[in-house]
Amino acid sequence: MSARHERATKLRCVIRALIAIVTILIAYPAVWLLASSSWPITATLRHIASAPNCDFARLVGLAPARRGEPGYWKRNDRDGDGLSCEPWPPMR
């Protein structure tokens with residue numbers, strides 16, 4: 001075999017090893033997060049999906065949400081009353 005072929009083979013092995021390490025570093029915290037949550041796994045996944053904004057929270061069915069419930073994110077609580085993604089202006 002040529003030296004060039006051997007270097008390419010070693011490079012492929014290193015790349016595969018790095019991909020495996022990155023996969024483990026991403027997968028382990030994700031599994032730990034789902035397993036350690038006090039909510040069911042589906043509620044936890046919906047809670048994570050509702051993080052970007054209220055449109056996503058409404059899409060997954062978690063809006064409006066009270067503090068401590070799945071779907072509540074402090075940044076989505078406009079008036080700080082403990083209720084996120086409430087209809088705006090408030091309905092009376």
# chains A, B, ... in the order shown; residues from 1 in each chain; ligands from 1

$ select_by_dssp --residues "stretch 9-92 of chain A" --states "strand (DSSP E)" --output "short mmCIF file (atom, residue, chain, number, x, y, z; two decimals) with N, CA and C atoms, in the first residue's frame"
data_model
loop_
_atom_site.label_atom_id
_atom_site.label_comp_id
_atom_site.auth_asym_id
_atom_site.auth_seq_id
_atom_site.Cartn_x
_atom_site.Cartn_y
_atom_site.Cartn_z
N ALA A 65 -49.35 28.39 29.91
CA ALA A 65 -48.79 27.51 30.94
C ALA A 65 -48.44 28.31 32.18
N ARG A 66 -48.72 27.73 33.34
CA ARG A 66 -48.39 28.37 34.62
C ARG A 66 -46.97 28.00 35.03
N LEU A 83 -47.87 33.30 34.24
CA LEU A 83 -48.63 32.65 33.17
C LEU A 83 -47.99 33.05 31.84
N SER A 84 -47.42 32.06 31.15
CA SER A 84 -46.74 32.38 29.89
C SER A 84 -47.66 32.10 28.72
#

$ atom_distance --atom1 "atom CA of A:Ser38" --atom2 "atom CA of A:Arg78"
25.8 Å

$ residues_around --residues "stretch 53-55 of chain A" --least-positions-apart "3" --cutoff "12 Å" --atoms "only C-alpha atoms" --output "JSON, numbers by chain"
{"A": [47, 48, 49, 50, 58, 59, 60, 61, 62, 63, 64, 65, 71, 72, 73, 74, 75, 76, 77, 78, 83, 84, 85, 86, 87, 88]}

$ atom_distance --atom1 "atom CA of A:Tyr28" --atom2 "atom CA of A:Pro40"
18.3 Å

$ atom_distance --atom1 "atom CA of A:Ile26" --atom2 "atom CA of A:Ala43"
20.5 Å

$ closest_residue --among "A:Ala17, A:Arg4, A:Ala57, A:Pro70" --to "A:Thr42" --atoms "only C-alpha atoms"
A:Pro70

$ decode --residues "stretch 19-34 of chain A" --atoms "N, CA, C and O atoms" --output "PDB file, in the first residue's frame"
ATOM      1  N   ILE A  19     -16.566  11.438  15.496  1.00  0.00           N
ATOM      2  CA  ILE A  19     -18.028  11.418  15.345  1.00  0.00           C
ATOM      3  C   ILE A  19     -18.659  10.610  16.468  1.00  0.00           C
ATOM      4  O   ILE A  19     -19.676  11.013  17.043  1.00  0.00           O
ATOM      5  N   ALA A  20     -18.062   9.473  16.806  1.00  0.00           N
ATOM      6  CA  ALA A  20     -18.590   8.644  17.895  1.00  0.00           C
ATOM      7  C   ALA A  20     -18.526   9.390  19.227  1.00  0.00           C
ATOM      8  O   ALA A  20     -19.474   9.359  20.015  1.00  0.00           O
ATOM      9  N   ILE A  21     -17.432  10.076  19.478  1.00  0.00           N
ATOM     10  CA  ILE A  21     -17.286  10.823  20.732  1.00  0.00           C
ATOM     11  C   ILE A  21     -18.304  11.953  20.811  1.00  0.00           C
ATOM     12  O   ILE A  21     -18.960  12.147  21.848  1.00  0.00           O
ATOM     13  N   VAL A  22     -18.476  12.693  19.731  1.00  0.00           N
ATOM     14  CA  VAL A  22     -19.446  13.787  19.718  1.00  0.00           C
ATOM     15  C   VAL A  22     -20.859  13.252  19.914  1.00  0.00           C
ATOM     16  O   VAL A  22     -21.662  13.830  20.658  1.00  0.00           O
ATOM     17  N   THR A  23     -21.163  12.128  19.280  1.00  0.00           N
ATOM     18  CA  THR A  23     -22.484  11.520  19.438  1.00  0.00           C
ATOM     19  C   THR A  23     -22.744  11.152  20.894  1.00  0.00           C
ATOM     20  O   THR A  23     -23.817  11.415  21.430  1.00  0.00           O
ATOM     21  N   ILE A  24     -21.772  10.568  21.542  1.00  0.00           N
ATOM     22  CA  ILE A  24     -21.915  10.194  22.955  1.00  0.00           C
ATOM     23  C   ILE A  24     -22.077  11.441  23.824  1.00  0.00           C
ATOM     24  O   ILE A  24     -22.911  11.474  24.725  1.00  0.00           O
ATOM     25  N   LEU A  25     -21.291  12.481  23.525  1.00  0.00           N
ATOM     26  CA  LEU A  25     -21.367  13.705  24.324  1.00  0.00           C
ATOM     27  C   LEU A  25     -22.707  14.421  24.161  1.00  0.00           C
ATOM     28  O   LEU A  25     -23.126  15.158  25.048  1.00  0.00           O
ATOM     29  N   ILE A  26     -23.378  14.205  23.057  1.00  0.00           N
ATOM     30  CA  ILE A  26     -24.702  14.801  22.848  1.00  0.00           C
ATOM     31  C   ILE A  26     -25.804  13.896  23.378  1.00  0.00           C
ATOM     32  O   ILE A  26     -26.751  14.356  24.011  1.00  0.00           O
ATOM     33  N   ALA A  27     -25.687  12.609  23.139  1.00  0.00           N
ATOM     34  CA  ALA A  27     -26.747  11.665  23.509  1.00  0.00           C
ATOM     35  C   ALA A  27     -26.860  11.490  25.026  1.00  0.00           C
ATOM     36  O   ALA A  27     -27.976  11.415  25.554  1.00  0.00           O
ATOM     37  N   TYR A  28     -25.743  11.395  25.726  1.00  0.00           N
ATOM     38  CA  TYR A  28     -25.792  11.158  27.167  1.00  0.00           C
ATOM     39  C   TYR A  28     -26.555  12.245  27.916  1.00  0.00           C
ATOM     40  O   TYR A  28     -27.460  11.930  28.690  1.00  0.00           O
ATOM     41  N   PRO A  29     -26.247  13.532  27.705  1.00  0.00           N
ATOM     42  CA  PRO A  29     -27.029  14.561  28.417  1.00  0.00           C
ATOM     43  C   PRO A  29     -28.510  14.559  28.021  1.00  0.00           C
ATOM     44  O   PRO A  29     -29.375  14.814  28.855  1.00  0.00           O
ATOM     45  N   ALA A  30     -28.799  14.255  26.760  1.00  0.00           N
ATOM     46  CA  ALA A  30     -30.196  14.226  26.327  1.00  0.00           C
ATOM     47  C   ALA A  30     -30.962  13.115  27.034  1.00  0.00           C
ATOM     48  O   ALA A  30     -32.080  13.325  27.519  1.00  0.00           O
ATOM     49  N   VAL A  31     -30.381  11.936  27.117  1.00  0.00           N
ATOM     50  CA  VAL A  31     -31.027  10.817  27.808  1.00  0.00           C
ATOM     51  C   VAL A  31     -31.144  11.124  29.297  1.00  0.00           C
ATOM     52  O   VAL A  31     -32.180  10.858  29.913  1.00  0.00           O
ATOM     53  N   TRP A  32     -30.101  11.705  29.889  1.00  0.00           N
ATOM     54  CA  TRP A  32     -30.143  12.054  31.311  1.00  0.00           C
ATOM     55  C   TRP A  32     -31.248  13.069  31.579  1.00  0.00           C
ATOM     56  O   TRP A  32     -31.983  12.956  32.563  1.00  0.00           O
ATOM     57  N   LEU A  33     -31.389  14.064  30.701  1.00  0.00           N
ATOM     58  CA  LEU A  33     -32.422  15.077  30.865  1.00  0.00           C
ATOM     59  C   LEU A  33     -33.811  14.445  30.839  1.00  0.00           C
ATOM     60  O   LEU A  33     -34.655  14.743  31.684  1.00  0.00           O
ATOM     61  N   LEU A  34     -34.048  13.573  29.874  1.00  0.00           N
ATOM     62  CA  LEU A  34     -35.362  12.937  29.774  1.00  0.00           C
ATOM     63  C   LEU A  34     -35.632  12.017  30.961  1.00  0.00           C
ATOM     64  O   LEU A  34     -36.747  11.958  31.468  1.00  0.00           O
TER      65      LEU A  34
END
